[in-house]
Each structure stands twice: as structure tokens, then as C-alpha cells.
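Trainee: Sharing entry_17.txt, compact mmCIF, C-alpha atoms:
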# COMPACT_ATOMS: atom_id res chain seq x y z
CA ASN B 29 112.63 51.14 128.44
CA GLY B 30 112.65 52.89 125.08
CA ALA B 31 114.58 55.94 126.32
CA THR B 32 117.42 53.79 127.68
CA ILE B 33 117.69 51.83 124.45
CA VAL B 34 117.92 55.04 122.40
CA LEU B 35 120.59 56.35 124.78
CA VAL B 36 122.68 53.19 124.52
CA VAL B 37 122.37 53.07 120.75
CA ALA B 38 123.32 56.74 120.50
CA ILE B 39 126.43 56.19 122.60
CA LEU B 40 127.39 53.18 120.53
CA THR B 41 126.97 55.15 117.35
CA MET B 42 128.82 58.12 118.91
CA ALA B 43 125.85 60.46 118.33
CA PRO B 44 126.02 63.87 120.09
CA LEU B 45 124.17 64.12 123.45
CA ARG B 46 122.17 67.12 122.24
CA VAL B 47 120.69 65.07 119.44
CA ILE B 48 119.93 62.25 121.88
CA SER B 49 118.04 64.58 124.25
CA GLN B 50 115.98 65.96 121.38
CA ARG B 51 114.89 62.43 120.46
CA VAL B 52 114.28 61.10 123.97
CA ALA B 53 112.41 64.08 125.54
CA PRO B 54 109.25 63.97 123.35
CA ARG B 55 108.90 60.23 123.99
CA MET B 56 109.17 60.66 127.75
CA LEU B 57 106.57 63.45 127.71
CA ALA B 58 104.22 61.31 125.62
CA VAL B 59 104.51 58.42 128.06
CA ALA B 60 103.92 60.69 131.08
CA SER B 61 100.85 62.37 129.53
CA ARG B 62 99.23 59.09 128.43
CA PRO B 63 96.02 58.46 130.48
CA GLN B 64 95.97 55.38 132.70
CA VAL B 65 93.45 52.79 131.59
CA ARG B 66 91.87 50.50 134.16
CA GLY B 67 92.51 46.90 133.26
CA MET B 68 90.12 43.99 133.50
CA ALA B 69 89.30 42.53 136.89
CA THR B 70 91.71 39.87 138.05
CA GLU B 71 90.70 36.36 139.04
CA LYS B 72 91.03 37.23 142.71
CA GLN B 73 88.78 40.28 142.39
CA LEU B 74 86.14 38.32 140.49
CA PHE B 75 86.30 35.52 143.06
CA ASN B 76 85.78 38.01 145.92
CA GLN B 77 82.81 39.59 144.10
CA ILE B 78 81.23 36.18 143.58
CA GLN B 79 81.59 35.29 147.27
CA SER B 80 80.19 38.66 148.37
CA THR B 81 77.19 38.32 146.07
CA LYS B 82 76.55 34.80 147.35
CA ASN B 83 76.51 36.12 150.92
CA ILE B 84 74.04 38.83 149.92
CA LYS B 85 71.82 36.22 148.27
CA LYS B 86 71.80 34.17 151.47
CA ILE B 87 70.70 37.25 153.45
CA THR B 88 67.92 38.22 151.03
CA SER B 89 66.66 34.62 150.89
CA SER B 90 66.54 34.49 154.69
CA MET B 91 64.70 37.82 154.84
CA LYS B 92 62.15 36.49 152.35
CA MET B 93 61.45 33.44 154.52
CA VAL B 94 61.17 35.59 157.66
CA SER B 95 58.71 37.94 155.91
CA ALA B 96 56.65 34.97 154.71
CA ALA B 97 56.38 33.69 158.29
CA LYS B 98 55.47 37.15 159.63
CA LEU B 99 52.91 37.63 156.85
CA LYS B 100 50.99 34.57 158.01
CA GLY B 101 50.68 35.99 161.52
CA ASP B 102 49.75 39.45 160.25
CA GLU B 103 47.01 37.97 158.06
CA ASN B 104 45.46 36.28 161.09
CA ARG B 105 45.59 39.54 163.05
CA LEU B 106 44.08 41.42 160.10
CA LYS B 107 41.09 39.04 160.02
CA GLN B 108 40.48 39.72 163.69
CA ALA B 109 40.85 43.48 163.15
CA ILE B 110 38.30 43.44 160.31
CA SER B 111 35.74 41.71 162.52
CA PHE B 112 36.52 44.01 165.43
CA ASN B 113 36.17 47.15 163.30
CA LYS B 114 32.87 46.30 161.59
CA TRP B 115 30.79 48.36 164.00
CA THR B 116 32.44 51.61 162.85
CA GLY B 117 30.82 51.28 159.42
CA VAL B 118 27.58 52.57 160.92
CA LEU B 119 29.13 55.83 162.10
CA SER B 120 31.79 56.50 159.43
CA SER B 121 32.11 56.26 155.66
CA ASP B 122 33.62 53.32 153.84
CA PRO B 123 37.34 53.36 152.94
CA VAL B 124 38.19 54.86 149.55
CA VAL B 125 40.67 52.86 147.45
CA ILE B 126 42.90 55.09 145.32
CA GLY B 127 42.95 53.92 141.70
CA ASP B 128 45.31 54.68 138.85
CA ASP B 129 43.38 57.87 137.99
CA GLY B 130 43.82 59.26 141.50
CA VAL B 131 41.24 61.13 143.57
CA THR B 132 40.29 64.78 144.02
CA PHE B 133 39.77 64.80 147.84
CA GLU B 134 36.86 67.19 147.30
CA GLU B 135 34.81 65.41 150.00
CA LEU B 136 37.23 66.52 152.72
CA PRO B 137 36.04 69.36 154.98
CA GLN B 138 37.69 72.73 155.52
CA LYS B 139 40.21 71.58 158.12
CA THR B 140 41.61 68.04 158.04
CA LEU B 141 44.19 66.12 160.06
CA ILE B 142 45.99 63.59 157.83
CA VAL B 143 47.41 60.46 159.52
CA PRO B 144 49.61 58.41 157.12
CA PHE B 145 50.75 54.91 158.15
CA THR B 146 54.30 54.03 157.06
CA SER B 147 56.96 51.65 158.37
CA ASP B 148 60.04 52.16 160.53
CA LYS B 149 62.14 49.81 158.37
CA GLY B 150 63.07 49.83 154.70
CA LEU B 151 63.73 47.13 152.09
CA CYS B 152 59.98 46.74 151.58
CA GLY B 153 59.37 47.99 148.04
CA GLY B 154 57.21 51.06 147.55
CA VAL B 155 54.83 50.85 150.51
CA ASN B 156 56.24 54.00 152.10
CA SER B 157 56.74 55.92 148.85
CA PHE B 158 53.15 55.34 147.72
CA VAL B 159 51.70 56.59 151.00
CA SER B 160 54.01 59.64 151.01
CA ARG B 161 53.03 60.44 147.44
CA THR B 162 49.33 60.23 148.34
CA VAL B 163 49.81 62.60 151.28
CA ARG B 164 51.73 65.10 149.14
CA ASP B 165 49.01 64.94 146.49
CA ALA B 166 46.27 65.46 149.10
CA ALA B 167 48.06 68.43 150.68
CA LYS B 168 48.52 70.09 147.29
CA LYS B 169 44.92 69.56 146.17
CA LEU B 170 43.52 70.76 149.48
CA ALA B 171 45.64 73.90 149.25
CA ASP B 172 44.36 74.51 145.72
CA GLN B 173 40.79 74.18 147.04
CA GLY B 174 41.47 76.73 149.77
CA LYS B 175 41.36 74.15 152.57
CA GLU B 176 43.75 73.51 155.45
CA CYS B 177 45.47 70.32 156.59
CA ASP B 178 48.04 69.15 159.11
CA ILE B 179 49.87 65.83 159.31
CA VAL B 180 50.65 63.36 162.11
CA VAL B 181 53.04 60.74 160.67
CA MET B 182 53.23 57.12 161.81
CA GLY B 183 56.61 55.55 160.98
CA ASP B 184 60.15 56.82 160.55
CA LYS B 185 60.40 56.24 156.78
CA GLY B 186 57.34 58.32 156.05
CA ARG B 187 58.55 61.10 158.32
CA SER B 188 61.89 61.38 156.51
CA GLN B 189 60.22 61.33 153.08
CA MET B 190 57.49 63.86 153.86
CA ALA B 191 59.82 66.20 155.75
CA ARG B 192 61.37 67.25 152.42
CA THR B 193 58.10 68.31 150.79
CA VAL B 194 55.39 68.91 153.42
CA GLY B 195 57.58 69.29 156.49
CA ASP B 196 55.88 72.53 157.51
CA LYS B 197 52.56 70.68 157.95
CA ILE B 198 53.89 67.86 160.17
CA LYS B 199 52.76 68.48 163.76
CA ARG B 200 53.75 65.16 165.36
CA SER B 201 55.28 61.82 164.48
CA ALA B 202 55.34 58.38 166.09
CA THR B 203 58.37 56.19 165.35
CA GLU B 204 59.82 52.89 166.57
CA ILE B 205 56.31 51.44 166.83
CA VAL B 206 56.34 48.00 168.43
CA THR B 207 55.30 45.10 166.19
CA PRO B 208 53.16 43.04 165.97
CA GLY B 209 50.46 45.58 166.70
CA THR B 210 47.72 45.27 169.29
CA PHE B 211 44.62 47.26 170.15
CA ALA B 212 46.44 48.65 173.20
CA LEU B 213 49.09 50.02 170.84
CA ALA B 214 46.40 51.48 168.58
CA SER B 215 44.84 53.15 171.61
CA GLY B 216 48.22 54.73 172.40
CA LEU B 217 48.46 55.99 168.82
CA ALA B 218 44.94 57.39 169.11
CA ALA B 219 45.98 59.22 172.28
CA GLU B 220 48.95 60.66 170.38
CA ILE B 221 46.62 61.93 167.66
CA LEU B 222 44.17 63.39 170.17
CA ALA B 223 47.12 65.14 171.81
CA ALA B 224 47.58 66.93 168.47
CA ASP B 225 44.15 68.55 169.02
CA ALA B 226 42.33 66.15 166.69
CA LYS B 227 39.01 67.35 168.06
CA GLU B 228 39.73 70.81 166.67
CA TYR B 229 39.65 69.44 163.11
CA ASP B 230 36.59 68.81 161.02
CA ALA B 231 37.83 65.31 160.11
CA VAL B 232 40.72 62.88 160.48
CA MET B 233 41.91 61.17 157.29
CA ILE B 234 43.89 57.93 157.71
CA VAL B 235 46.07 57.04 154.69
CA TYR B 236 47.38 53.48 154.57
CA ASN B 237 48.15 50.47 152.35
CA THR B 238 45.32 47.97 152.12
CA PHE B 239 46.24 44.30 151.69
CA VAL B 240 44.72 42.39 148.73
CA ASN B 241 46.91 39.29 148.50
CA ALA B 242 50.55 38.29 148.87
CA ALA B 243 51.42 40.00 145.58
CA VAL B 244 49.05 43.00 145.49
CA TYR B 245 48.36 45.92 147.82
CA LYS B 246 46.67 49.25 147.16
CA GLN B 247 46.49 52.66 148.79
CA ALA B 248 43.32 53.73 150.58
CA TYR B 249 42.09 56.38 153.00
CA LYS B 250 39.35 56.71 155.61
CA ILE B 251 37.58 59.85 156.72
CA ILE B 252 36.55 59.96 160.38
CA THR B 253 34.45 62.91 161.52
CA PRO B 254 33.75 63.83 165.16
CA LEU B 255 30.43 62.62 166.53
CA LYS B 256 27.95 65.36 167.35
CA ALA B 257 24.48 65.27 168.87
CA GLU B 258 22.93 66.13 165.51
CA THR B 259 24.07 65.73 161.94
CA PRO B 260 24.21 68.74 159.56
CA GLU B 261 20.88 67.51 158.12
CA GLY B 262 19.28 67.72 161.58
CA ASP B 263 19.11 63.97 162.23
CA ASP B 264 19.72 62.72 165.74
CA VAL B 265 22.91 60.68 166.05
CA LEU B 266 22.19 57.30 167.67
CA GLY B 267 18.54 58.22 167.95
CA ASN B 268 17.60 54.61 168.74
CA TYR B 269 19.43 54.85 172.07
CA GLU B 270 18.49 56.79 175.16
CA PHE B 271 20.96 59.10 176.84
CA GLU B 272 20.79 61.38 179.80
CA PRO B 273 20.67 64.94 178.41
CA SER B 274 23.82 65.89 180.30
CA GLU B 275 25.74 62.75 179.31
CA LYS B 276 25.09 62.42 175.58
CA VAL B 277 27.80 64.86 174.49
CA GLU B 278 30.37 63.22 176.76
CA ALA B 279 29.29 59.76 175.60
CA LEU B 280 29.67 60.76 171.94
CA GLU B 281 33.16 62.15 172.62
CA ASP B 282 34.20 58.89 174.29
CA MET B 283 32.71 56.89 171.43
CA TYR B 284 34.62 59.04 168.92
CA GLU B 285 37.89 58.28 170.70
CA PHE B 286 37.06 54.56 170.72
CA MET B 287 36.08 54.67 167.04
CA LEU B 288 39.34 56.42 166.17
CA ALA B 289 41.35 53.76 168.05
CA SER B 290 39.40 50.98 166.31
CA GLN B 291 40.00 52.47 162.86
CA LEU B 292 43.69 52.96 163.62
CA TYR B 293 43.95 49.35 164.75
CA HIS B 294 42.45 48.09 161.49
CA SER B 295 44.61 50.42 159.37
CA PHE B 296 47.74 49.40 161.28
CA MET B 297 47.05 45.68 160.72
CA ASP B 298 46.23 46.27 157.05
CA GLY B 299 49.46 48.22 156.56
CA ALA B 300 51.52 45.55 158.37
CA CYS B 301 50.28 42.85 155.98
CA SER B 302 51.07 45.05 152.99
CA GLU B 303 54.55 45.76 154.33
CA GLN B 304 55.44 42.09 154.83
CA SER B 305 54.04 41.04 151.45
CA SER B 306 55.97 43.83 149.73
CA ARG B 307 59.18 42.96 151.60
CA MET B 308 58.77 39.30 150.65
CA THR B 309 58.42 40.25 146.97
CA ALA B 310 61.34 42.69 147.15
CA MET B 311 63.65 40.10 148.73
CA GLU B 312 62.60 37.49 146.16
CA ASN B 313 63.52 39.90 143.35
CA ALA B 314 66.81 40.74 145.09
CA SER B 315 67.68 37.04 145.39
CA LYS B 316 66.85 36.51 141.72
CA ASN B 317 69.03 39.47 140.67
CA ALA B 318 71.87 38.22 142.88
CA GLY B 319 71.69 34.82 141.20
CA GLU B 320 71.90 36.41 137.74
CA LEU B 321 74.87 38.51 138.85
CA ILE B 322 76.64 35.41 140.23
CA ASP B 323 76.19 33.63 136.88
CA SER B 324 77.61 36.64 135.01
CA LEU B 325 80.61 36.96 137.34
CA THR B 326 81.28 33.23 137.20
CA LEU B 327 81.39 33.39 133.41
CA GLN B 328 83.91 36.26 133.58
CA TYR B 329 85.96 34.37 136.16
CA ASN B 330 86.12 31.24 134.00
CA ARG B 331 87.17 33.28 130.97
CA ALA B 332 89.95 35.01 132.94
CA ARG B 333 91.13 31.67 134.34
CA GLN B 334 91.15 30.06 130.89
CA ALA B 335 93.07 33.02 129.46
CA ARG B 336 95.70 32.69 132.20
CA ILE B 337 96.11 28.96 131.60
CA THR B 338 96.40 29.50 127.87
CA THR B 339 99.04 32.19 128.39
CA GLU B 340 101.05 29.91 130.68
CA LEU B 341 100.93 27.11 128.13
What would the structure in this file look like if it were written as C-alpha cells?

Mentor:
Amino acid sequence: NGATIVLVVAILTMAPLRVISQRVAPRMLAVASRPQVRGMATEKQLFNQIQSTKNIKKITSSMKMVSAAKLKGDENRLKQAISFNKWTGVLSSDPVVIGDDGVTFEELPQKTLIVPFTSDKGLCGGVNSFVSRTVRDAAKKLADQGKECDIVVMGDKGRSQMARTVGDKIKRSATEIVTPGTFALASGLAAEILAADAKEYDAVMIVYNTFVNAAVYKQAYKIITPLKAETPEGDDVLGNYEFEPSEKVEALEDMYEFMLASQLYHSFMDGACSEQSSRMTAMENASKNAGELIDSLTLQYNRARQARITTEL
């Protein structure tokens, strides 16, 4: 190195050792204090990155095809759920689709139980984040209006997201839900909600993603109020039907439980379609990004290889 050359030259010229040390020491300190700069990636490193990215692209492409196949089945189940759930429109209000301007939630009563539907798995775009954001917005606006609310979360992803902001309002959660969903499963979820004293609330609000098409889904919510013998306006509920005086209250309670299970079944199927369509889109974008990254890395690899060949020549 440079210090050795100076030392040899100094000895050859018979220079004093003290003078040599004065010349060599600053150079050695400068070399030691110089910051290390990371060099460019080698051919081997670039080759390994290309192979890894290709493997990732294969995985995302396979996940896209799997989601497309599952989406077809979920769409068929959603059609059946829509037909099955039509009868509830007579006893409950229509779903409210949340637009870009948001909603005020002023129609909610004094005490509400919020039931958001999220997924147990990730890699599905923003289906879980949008629902969690809607629940946080609803909880904040209800608090500003002087109203109360509690939450029963469906899905592990939603539970972990909401625990950071509205964790004090979460009473129960249902995770590792078996898919594809059935009405028996929805009945079990309804029993879980009723176990959280749903009858003690003025209404149950279901927040979910509603499926539009393979590329579009929106957020919506339903308000389900307990059935009582008379409405606040004094009208007789199901006045066209005859009940035994002692059995009408019990019959309305049973019908409310069945209506809640039916609405949960429809919301669960709607959310499943939205999840698969969002996952299919997310995996398609991931595959596209992986392809662009492979092209960029291949260009760098070819440049490094050409530079090495040129240097050898």
C-alpha cells in the first residue's frame, strides 16, 4: 500500500525515521476514517433477486387464479342469499351504501351494537381497512351525539385493527370463521351476537362490504331493530296475522333472532364476494409489479455481465 511504498522510498533515500512517521501517520488515519461505500450488486446477487422475484410472481399468479375460482362459487351463494333474505325487507330498513361524502349515523338510536364483517386472512386489498375505518367513524360520531355503542367483531383482521382505536368498545369477537359460509354458520354467529346481550340494545348495525362486480365493492350498513308488539307510532306489528295473546311476544322474539341470522347470512356472503374480488385484483397488481421488477433487474444483470466481459477483454 501507499504507506509501505513511502517507507521503502524513505529507507532508500536514507531519510530519518521521524520524518517518515510524520508523513505516513496522517495518510493511515485518513484511510481508516474514510467511510465505507456499498458497491453495486454483483451478478450473483442480481441473479438471486431475479429468481426470488420470479418465484413470488408464480405465487401471486396462482393466488389470483384460486381467488377467481372461489369468486365464482361465492357469487352463486350470494344470489341464493339475496333471494333467501328478501323477506326481511318488510320488517327492517334497506341497507345504506356509504358514499364518498360519508354518513352522519344520526338515524341510529341511543344504544347500538355494531357488528363489522372482516376477514381472517390478509392480502385482499382494503376490504378490512375500509370496514374498520367506517366503524371508527361511527363510534366517534355516536359519541359526539351523546349516544352509546359496543362492538362485536367478525374476523381476525378487523379485531387487530380496531383494537388499537376502539378496543375499549369491543365486547366479543369471532375469528377463524369457516368458509364457504352457510346459513348454519350464520345462525351460530347470530347466537354469538345474542350472547352479547343484543336484545338489550335499541338496534344492531351490521357493517360490511357489498359486492358490485369483480372490480368494484362498496361499504354498507344495515340497521336491525328488535321486533315489538307495537311500533312507536302505535301500529300493530304483523297486524295481518293472528297470534295467541300469550304467544305473540315470544313469536316476535323468535322471528327477530331468525331475521338477525338471515341478515348476517346475506352480509357474510356479500363480504365474501368482495374479499375474493379484492384479493384477485391485489394479486393481479402484485404479479404485474413483480414482472416490472424482473425486467428492471434483468437489465441491471445484463449491464453488469457486459461490464465484466468488457473488463476481461

Trainee: With 3 Å added on each side, what axis-aligned box encloses every listed atom of region 86-99 of chain B? Give the centre and edge lengths in Å to one decimal, as AutoDock Vina command-line options.

Mentor:
--center_x 62.4 --center_y 35.8 --center_z 155.3 --size_x 24.9 --size_y 10.8 --size_z 14.7

Trainee: With a distance cut-off of 9 Å and all atoms listed in the file, select the neighbouring residues of region 294-306 of chain B, excluding the residue or stretch itself and same-chain residues fewer than 6 positions from it, and output the selection as a ChimeraX atom specification.

Mentor: /B:95-96,98-103,105-110,112-113,145-147,151-156,207-211,214,234-246

Trainee: Which is closest to Glu228 (chain B) among B:Leu341, B:Ile322, B:Cys177, B:Ala212, if we use all atoms listed in the file?

Mentor: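 When distances to Glu228 (chain B) are compared using all atoms listed in the file, the smallest one comes from B:Cys177.
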
Trainee: How far is it from CA of Ile78 (chain B) to CA of Asn317 (chain B), in Å with one decimal?

Mentor: 13.0 Å

Trainee: Mind checking which residues fall within 12 Å of Asn76 (chain B), counting all atoms listed in the file, ignoring those fewer than 6 positions away in the same chain, and posting them as a ChimeraX atom specification?

Mentor: /B:69-70,82-83,322,325-326,329

Trainee: Dump as a PyMOL selection string all residues having an atom at most 12 Å from (39.8, 66.3, 157.3), computed in the file's coordinates with only C-alpha atoms.

Mentor: chain B and resi 133-143+166-167+170+175-179+226-235+249-254

Trainee: Between CA of Lys256 (chain B) and CA of Ser215 (chain B), what is the distance, to one decimal in Å?

Mentor: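 Interatomic distance here is 21.3 Å.
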
Trainee: Go through B:Gln173, B:Thr203, B:Thr339, B:Thr116 one by one, measure the shortest atom-to-atom distance of each to Lys185 (chain B) using all atoms listed in the file, and give the residue with the smallest value.

Mentor: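 Of B:Gln173, B:Thr203, B:Thr339, B:Thr116, the one nearest Lys185 (chain B) is B:Thr203, counting all atoms listed in the file.
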